[in-house]
Amino acid sequence: MQSKISVAPMMDWTDRHCRYFMRLLSPSARLYTEMVTAQAIHHGDQQKILAFDPLEHPAALQLGGSDPELMAESAQAGASFGYDEININVGCPSDRVQSGQFGACLMAAPDVVAACVRSIRSSVSVPVTIKTRIGIDDRDDYSFLLDFIDATAEAGCDTYIVHARKAILQGLSPKENRSVPPLNYERVYQLKADRPKLTIVLNGGVTTVAECKAHLAQVDGVMVGRQAYHEPWFLTELESAFGGGSVPRDRYDVVAAMLPYVEHELADGALLKHITRHMLGLFAGLPGARAWRRYLSENAHRNGADSSVIMGALARLPEPGNLLASKESAAHSTGG
Ligand SMILES: Cc1cc2nc3c(=O)[nH]c(=O)nc-3n(C[C@H](O)[C@H](O)[C@H](O)COP(=O)(O)O)c2cc1C
């Protein structure tokens with residue numbers, strides 16, 4: 001069963017530190033990894049690429065690739081690390097991705113994706129899902145999308161995350177192609193209406209709880225990307241509206257819950273800046289948000305930076321809250 005809300009795979013953003021932080025904001029949202037290529041898993045350090053904290057569940061591993069055997073091997077590696085879902089990337093338009101024959105260009109090769117679905121399904125027991133676009137280049141008629149869905153559903157995929165915007169394979173950067181051409185939510189609604197047995201998750205441009213609510217009246221789930229990253233508190237609003245899990249009382253609670261993780265990770269050799277970069281937007285929209293952001297940005301990269309940088313950033317907020325007070329009194333009582 002999919003959670004109704006999920007957080008999008010975002011390269012360079014949704015790494016394990018980011019997912020841990022997001023999990024504190026939303027106990028039930030499904031969290032996707034950045035895209036990992038099957039080649040990288042085959043050749044690389046799997047522990048480094050795939051390991052994650054148990055708190056991150058439910059977590060989905062997004063794979064990029066088109067070789068059924070390599071995809072199955074990578075999926076197996078992912079399943080052995082405990083991922084709850086294997087997702088195939090059929091949405092990324094970047095040139096680098098096309099030259100490797102994966103990402104959005106695979107919408108034009110449904111038989112290849114179907115072979116990957118079959119091969120992955122025969123080697124793992126967790127669900128195999130596909131993240132795709134509504135079309136590519138001039139192949140943006142509804143029947144093109146439907147043919148792709150039918151061919152891969154026949155192979156055993158029953159959950160689709162559909163970014164409601166076609167991919168442009170030439171002439172636009174992936175970044176540009178996340179805001180143009182316009183979104184077409186009707187296509188995604190239509191797909192759900194025509195294939196009611198499939199689980200259809202809508203993605204693209206969703207920034208408010210009200211928008212989510214409207215989409216959920218038409219489809220099974222909503223995936224949010226940039227808004228959740230830039231203003232992570234949005235995830236608590238989504239959790240309260242659709243998830244039913246308990247959410248932190250305020251942003252300070254989230255910071256408090258991050259501190260043991262930060263300390264543990266630093267002891268393990270992580271760098272503070274790699275964790276705090278995902279927390280910059282936590283206070284977005286509140287007084288002091290800029291000071292919080294600036295303090296972290298200017299100090300987290302320094303040699304030996306530790307969790308005291310986070311305390312310093314908190315102190316820049318107009319109401320540093322009980323967290324700072326209790327931490328300080330604990331430090332005094334231990335003579336620290
Ligand atoms: C920085 C960044 C990296 C992304 N990387 C991936 C990726 O690795 N795999 C993928 O399927 N989509 C990727 N996307 C696209 C998102 O998953 C999502 O489809 C897109 O941002 C639209 O959703 P949004 O409007 O809610 O952000 C990326 C988006 C961003 C902003």
# chains A, B, ... in the order shown; residues from 1 in each chain; ligands from 1

call {"tool": "residues_around", "arguments": {"residues": "Phe283 of chain A", "least_positions_apart": "6", "cutoff": "10 Å", "atoms": "only C-alpha atoms", "output": "MDAnalysis selection string"}}
result
chainID A and resid 231:233 250:252 289:293 317

call {"tool": "closest_atom_pairs", "arguments": {"of": "chain A", "to": "ligand 1", "cutoff": "9 Å", "atoms": "only C-alpha atoms and all ligand atoms", "output": "tab-separated table"}}
result
residue	atom	partner	partner_atom_place_in_ligand_line	distance
A:Val7	CA	ligand 1	17 (O)	8.0
A:Ala8	CA	ligand 1	17 (O)	4.3
A:Pro9	CA	ligand 1	17 (O)	4.5
A:Met10	CA	ligand 1	5 (N)	3.3
A:Met11	CA	ligand 1	5 (N)	3.8
A:Asp12	CA	ligand 1	1 (C)	6.4
A:Trp13	CA	ligand 1	1 (C)	6.0
A:Thr14	CA	ligand 1	3 (C)	8.2
A:Tyr32	CA	ligand 1	17 (O)	8.7
A:Thr33	CA	ligand 1	8 (O)	7.6
A:Glu34	CA	ligand 1	8 (O)	4.5
A:Met35	CA	ligand 1	8 (O)	3.9
A:Val36	CA	ligand 1	8 (O)	7.4
A:Gln62	CA	ligand 1	9 (N)	7.1
A:Leu63	CA	ligand 1	9 (N)	8.5
A:Gly64	CA	ligand 1	9 (N)	8.3
A:Asn87	CA	ligand 1	11 (O)	8.8
A:Ile88	CA	ligand 1	11 (O)	8.1
A:Asn89	CA	ligand 1	11 (O)	5.2
A:Val90	CA	ligand 1	11 (O)	7.0
A:Gly91	CA	ligand 1	11 (O)	5.3
A:Cys92	CA	ligand 1	11 (O)	5.6
A:Gly103	CA	ligand 1	11 (O)	7.8
A:Ala104	CA	ligand 1	11 (O)	8.9
A:Lys131	CA	ligand 1	11 (O)	6.1
A:Thr132	CA	ligand 1	11 (O)	7.5
A:Arg133	CA	ligand 1	19 (O)	8.4
A:Ile161	CA	ligand 1	19 (O)	8.7
A:Val162	CA	ligand 1	19 (O)	8.1
A:His163	CA	ligand 1	19 (O)	5.4
A:Ala164	CA	ligand 1	22 (C)	8.3
A:Arg165	CA	ligand 1	22 (C)	8.6
A:Pro174	CA	ligand 1	28 (C)	8.0
A:Lys175	CA	ligand 1	31 (C)	6.9
A:Arg178	CA	ligand 1	20 (C)	5.8
A:Ser179	CA	ligand 1	25 (O)	7.7
A:Asn203	CA	ligand 1	23 (O)	5.4
A:Gly204	CA	ligand 1	25 (O)	3.7
A:Gly205	CA	ligand 1	25 (O)	3.5
A:Val206	CA	ligand 1	26 (O)	5.3
A:Thr207	CA	ligand 1	26 (O)	7.2
A:Val222	CA	ligand 1	26 (O)	9.0
A:Met223	CA	ligand 1	26 (O)	6.5
A:Val224	CA	ligand 1	26 (O)	4.0
A:Gly225	CA	ligand 1	26 (O)	3.5
A:Arg226	CA	ligand 1	27 (O)	3.8
A:Gln227	CA	ligand 1	26 (O)	6.1
A:Ala228	CA	ligand 1	26 (O)	7.6
A:Tyr229	CA	ligand 1	27 (O)	8.5

call {"tool": "residues_around", "arguments": {"residues": "Met279 of chain A", "least_positions_apart": "3", "cutoff": "10 Å", "atoms": "only C-alpha atoms", "output": "ChimeraX atom specification"}}
result
/A:17-18,21-22,229-232,254-255,258,273-276,282-283,292-293,296,310

call {"tool": "write_last_selection", "arguments": {"atoms": "C-alpha atoms", "output": "tab-separated table (two decimals), in the first residue's frame"}}
result
chain	number	residue	atom	x	y	z
A	17	HIS	CA	20.79	12.82	5.38
A	18	CYS	CA	17.98	14.62	3.63
A	21	PHE	CA	15.55	14.93	8.18
A	22	MET	CA	12.37	14.65	6.12
A	229	TYR	CA	12.90	20.54	-0.16
A	230	HIS	CA	12.83	24.32	-0.05
A	231	GLU	CA	10.19	24.56	2.68
A	232	PRO	CA	10.37	21.27	4.52
A	254	VAL	CA	12.89	18.93	14.56
A	255	VAL	CA	16.28	20.48	15.27
A	258	MET	CA	18.37	15.99	14.40
A	273	LYS	CA	27.72	20.81	5.85
A	274	HIS	CA	26.44	17.69	4.10
A	275	ILE	CA	23.70	17.37	6.69
A	276	THR	CA	22.82	20.99	7.41
A	282	LEU	CA	13.43	24.72	7.93
A	283	PHE	CA	12.45	28.15	9.23
A	292	TRP	CA	19.38	30.74	10.40
A	293	ARG	CA	20.18	29.99	6.78
A	296	LEU	CA	24.56	27.57	8.76
A	310	ILE	CA	23.48	24.36	14.76

call {"tool": "select_by_dssp", "arguments": {"residues": "segment 80-326 of chain A", "states": "strand (DSSP E)", "output": "list of chain:residue names"}}
result
A:Glu85, A:Ile86, A:Asn87, A:Ile88, A:Asn89, A:Val90, A:Val128, A:Thr129, A:Ile130, A:Lys131, A:Thr132, A:Arg133, A:Thr159, A:Tyr160, A:Ile161, A:Val162, A:His163, A:Thr199, A:Ile200, A:Val201, A:Leu202, A:Asn203, A:Gly221, A:Val222, A:Met223, A:Val224

call {"tool": "write_last_selection", "arguments": {"atoms": "N, CA and C atoms", "output": "tab-separated table (two decimals), in the first residue's frame"}}
result
chain	number	residue	atom	x	y	z
A	85	GLU	N	10.78	-0.48	-2.01
A	85	GLU	CA	10.26	-0.39	-3.38
A	85	GLU	C	11.42	-0.15	-4.32
A	86	ILE	N	11.32	-0.69	-5.51
A	86	ILE	CA	12.29	-0.37	-6.56
A	86	ILE	C	11.55	0.43	-7.63
A	87	ASN	N	12.06	1.61	-7.91
A	87	ASN	CA	11.42	2.49	-8.87
A	87	ASN	C	12.33	2.68	-10.08
A	88	ILE	N	11.75	2.59	-11.27
A	88	ILE	CA	12.54	2.76	-12.49
A	88	ILE	C	12.36	4.19	-13.02
A	89	ASN	N	13.47	4.85	-13.29
A	89	ASN	CA	13.42	6.23	-13.80
A	89	ASN	C	13.15	6.24	-15.30
A	90	VAL	N	11.94	6.69	-15.66
A	90	VAL	CA	11.62	6.89	-17.07
A	90	VAL	C	11.18	8.35	-17.23
A	128	VAL	N	7.70	-3.13	-7.73
A	128	VAL	CA	8.47	-2.43	-8.76
A	128	VAL	C	7.56	-1.37	-9.36
A	129	THR	N	7.99	-0.13	-9.34
A	129	THR	CA	7.16	0.97	-9.82
A	129	THR	C	7.92	1.76	-10.89
A	130	ILE	N	7.20	2.61	-11.59
A	130	ILE	CA	7.83	3.42	-12.65
A	130	ILE	C	7.49	4.89	-12.43
A	131	LYS	N	8.51	5.74	-12.57
A	131	LYS	CA	8.25	7.18	-12.59
A	131	LYS	C	8.46	7.66	-14.02
A	132	THR	N	7.42	8.27	-14.56
A	132	THR	CA	7.50	8.64	-15.97
A	132	THR	C	6.95	10.04	-16.21
A	133	ARG	N	6.94	10.45	-17.45
A	133	ARG	CA	6.38	11.73	-17.88
A	133	ARG	C	5.08	11.45	-18.63
A	159	THR	N	2.08	0.39	-10.29
A	159	THR	CA	2.11	1.73	-9.70
A	159	THR	C	2.96	2.66	-10.55
A	160	TYR	N	2.38	3.78	-10.91
A	160	TYR	CA	3.05	4.76	-11.77
A	160	TYR	C	3.04	6.13	-11.11
A	161	ILE	N	4.18	6.74	-11.09
A	161	ILE	CA	4.26	8.14	-10.66
A	161	ILE	C	4.41	8.94	-11.94
A	162	VAL	N	3.47	9.81	-12.19
A	162	VAL	CA	3.48	10.50	-13.48
A	162	VAL	C	3.75	11.99	-13.28
A	163	HIS	N	4.92	12.43	-13.72
A	163	HIS	CA	5.25	13.86	-13.74
A	163	HIS	C	4.44	14.44	-14.89
A	199	THR	N	-2.34	1.95	-9.59
A	199	THR	CA	-2.13	3.03	-8.62
A	199	THR	C	-1.43	4.16	-9.37
A	200	ILE	N	-2.08	5.31	-9.39
A	200	ILE	CA	-1.52	6.45	-10.13
A	200	ILE	C	-1.21	7.58	-9.15
A	201	VAL	N	0.06	7.98	-9.14
A	201	VAL	CA	0.54	9.06	-8.28
A	201	VAL	C	0.89	10.25	-9.16
A	202	LEU	N	0.33	11.40	-8.84
A	202	LEU	CA	0.58	12.60	-9.66
A	202	LEU	C	1.77	13.38	-9.11
A	203	ASN	N	2.58	13.89	-10.00
A	203	ASN	CA	3.74	14.70	-9.61
A	203	ASN	C	3.88	15.92	-10.52
A	221	GLY	N	-2.31	9.14	-5.28
A	221	GLY	CA	-1.25	9.73	-4.45
A	221	GLY	C	-0.68	10.97	-5.11
A	222	VAL	N	0.06	11.73	-4.31
A	222	VAL	CA	0.74	12.92	-4.82
A	222	VAL	C	2.19	12.86	-4.39
A	223	MET	N	3.08	13.14	-5.34
A	223	MET	CA	4.50	13.21	-5.03
A	223	MET	C	4.92	14.67	-5.08
A	224	VAL	N	5.60	15.12	-4.01
A	224	VAL	CA	6.06	16.51	-3.98
A	224	VAL	C	7.58	16.54	-4.01

call {"tool": "closest_residue", "arguments": {"among": "A:Leu198, A:Ala305, A:Ala40, A:Ala257", "to": "Ala270 of chain A", "atoms": "only C-alpha atoms"}}
result
A:Ala305

call {"tool": "residues_around", "arguments": {"residues": "Cys105 of chain A", "least_positions_apart": "4", "cutoff": "9 Å", "atoms": "only C-alpha atoms", "output": "number ranges by chain"}}
result
A: 90-93, 97-98, 101, 109, 136, 167, 169

call {"tool": "write_last_selection", "arguments": {"atoms": "N, CA and C atoms", "output": "PDB file, in the first residue's frame"}}
result
ATOM      1  N   VAL A  90      11.944   6.691 -15.663  1.00  0.00           N
ATOM      2  CA  VAL A  90      11.625   6.889 -17.074  1.00  0.00           C
ATOM      3  C   VAL A  90      11.181   8.350 -17.231  1.00  0.00           C
ATOM      4  N   GLY A  91      11.893   9.242 -16.528  1.00  0.00           N
ATOM      5  CA  GLY A  91      11.447  10.627 -16.549  1.00  0.00           C
ATOM      6  C   GLY A  91      12.544  11.642 -16.722  1.00  0.00           C
ATOM      7  N   CYS A  92      13.796  11.219 -16.508  1.00  0.00           N
ATOM      8  CA  CYS A  92      14.864  12.218 -16.543  1.00  0.00           C
ATOM      9  C   CYS A  92      15.275  12.525 -17.974  1.00  0.00           C
ATOM     10  N   PRO A  93      15.271  13.820 -18.369  1.00  0.00           N
ATOM     11  CA  PRO A  93      15.571  14.165 -19.759  1.00  0.00           C
ATOM     12  C   PRO A  93      17.038  14.493 -20.026  1.00  0.00           C
ATOM     13  N   VAL A  97      21.913  11.103 -19.376  1.00  0.00           N
ATOM     14  CA  VAL A  97      21.057   9.964 -19.135  1.00  0.00           C
ATOM     15  C   VAL A  97      20.655   9.303 -20.451  1.00  0.00           C
ATOM     16  N   GLN A  98      20.385  10.142 -21.475  1.00  0.00           N
ATOM     17  CA  GLN A  98      19.974   9.562 -22.763  1.00  0.00           C
ATOM     18  C   GLN A  98      21.077   8.750 -23.405  1.00  0.00           C
ATOM     19  N   GLN A 101      21.017   5.409 -22.451  1.00  0.00           N
ATOM     20  CA  GLN A 101      19.751   4.744 -22.747  1.00  0.00           C
ATOM     21  C   GLN A 101      18.919   4.467 -21.500  1.00  0.00           C
ATOM     22  N   ALA A 109      10.524   3.248 -25.728  1.00  0.00           N
ATOM     23  CA  ALA A 109      10.930   1.836 -25.817  1.00  0.00           C
ATOM     24  C   ALA A 109      10.222   1.024 -24.731  1.00  0.00           C
ATOM     25  N   ILE A 136       7.056  12.522 -24.561  1.00  0.00           N
ATOM     26  CA  ILE A 136       8.378  13.092 -24.867  1.00  0.00           C
ATOM     27  C   ILE A 136       8.315  13.807 -26.213  1.00  0.00           C
ATOM     28  N   ALA A 167       8.595  15.402 -21.394  1.00  0.00           N
ATOM     29  CA  ALA A 167      10.042  15.612 -21.388  1.00  0.00           C
ATOM     30  C   ALA A 167      10.465  16.141 -22.752  1.00  0.00           C
ATOM     31  N   LEU A 169      13.663  16.257 -24.970  1.00  0.00           N
ATOM     32  CA  LEU A 169      14.965  15.587 -24.941  1.00  0.00           C
ATOM     33  C   LEU A 169      16.089  16.423 -25.547  1.00  0.00           C
TER      34      LEU A 169
END

call {"tool": "select_by_dssp", "arguments": {"residues": "segment 46-276 of chain A", "states": "helix (DSSP H, G or I)", "output": "ChimeraX atom specification"}}
result
/A:46-50,54-56,68-81,95-99,103-108,110-121,142-154,176-178,185-194,209-216,226-230,234-243,251-267,272-276

call {"tool": "closest_residue", "arguments": {"among": "A:Leu172, A:Leu183, A:Val126, A:Leu286", "to": "Cys157 of chain A", "atoms": "only C-alpha atoms"}}
result
A:Val126

call {"tool": "residues_around", "arguments": {"residues": "Gln46 of chain A", "least_positions_apart": "5", "cutoff": "10 Å", "atoms": "only C-alpha atoms", "output": "CSV table (one decimal) with N, CA and C atoms, in the first residue's frame"}}
result
chain,number,residue,atom,x,y,z
A,40,ALA,N,26.4,2.2,-11.6
A,40,ALA,CA,27.1,2.6,-10.4
A,40,ALA,C,27.0,1.6,-9.3
A,41,ILE,N,25.8,0.9,-9.2
A,41,ILE,CA,25.7,-0.1,-8.2
A,41,ILE,C,26.5,-1.3,-8.5
A,51,ALA,N,23.4,2.2,1.6
A,51,ALA,CA,23.1,2.1,3.1
A,51,ALA,C,22.2,3.3,3.5
A,74,SER,N,20.9,-4.8,-9.6
A,74,SER,CA,20.8,-3.6,-8.7
A,74,SER,C,19.6,-3.7,-7.8
A,77,ALA,N,20.4,-5.9,-5.0
A,77,ALA,CA,21.2,-5.2,-4.0
A,77,ALA,C,20.4,-4.3,-3.2
A,78,GLY,N,19.5,-3.5,-3.8
A,78,GLY,CA,18.7,-2.6,-3.1
A,78,GLY,C,17.8,-3.3,-2.1
A,81,PHE,N,19.5,-4.3,1.0
A,81,PHE,CA,19.7,-3.2,1.9
A,81,PHE,C,18.4,-2.8,2.6

call {"tool": "closest_residue", "arguments": {"among": "A:Arg121, A:His57, A:Lys48, A:Arg187", "to": "Ser143 of chain A", "atoms": "only C-alpha atoms"}}
result
A:Arg187

call {"tool": "closest_residue", "arguments": {"among": "A:Gly65, A:Pro318, A:Gly243, A:Pro181", "to": "Asp138 of chain A", "atoms": "only C-alpha atoms"}}
result
A:Pro181

call {"tool": "closest_residue", "arguments": {"among": "A:Gly171, A:Glu69, A:Ile134, A:Ser125", "to": "Gln190 of chain A", "atoms": "only C-alpha atoms"}}
result
A:Ile134

call {"tool": "closest_residue", "arguments": {"among": "A:Leu61, A:Val247, A:Leu314, A:Cys116", "to": "Leu25 of chain A", "atoms": "only C-alpha atoms"}}
result
A:Val247

call {"tool": "atom_distance", "arguments": {"atom1": "atom CA of Val117 of chain A", "atom2": "atom CA of Ile149 of chain A"}}
result
11.9 Å

call {"tool": "atom_distance", "arguments": {"atom1": "atom CA of Thr152 of chain A", "atom2": "atom CA of Met107 of chain A"}}
result
10.2 Å
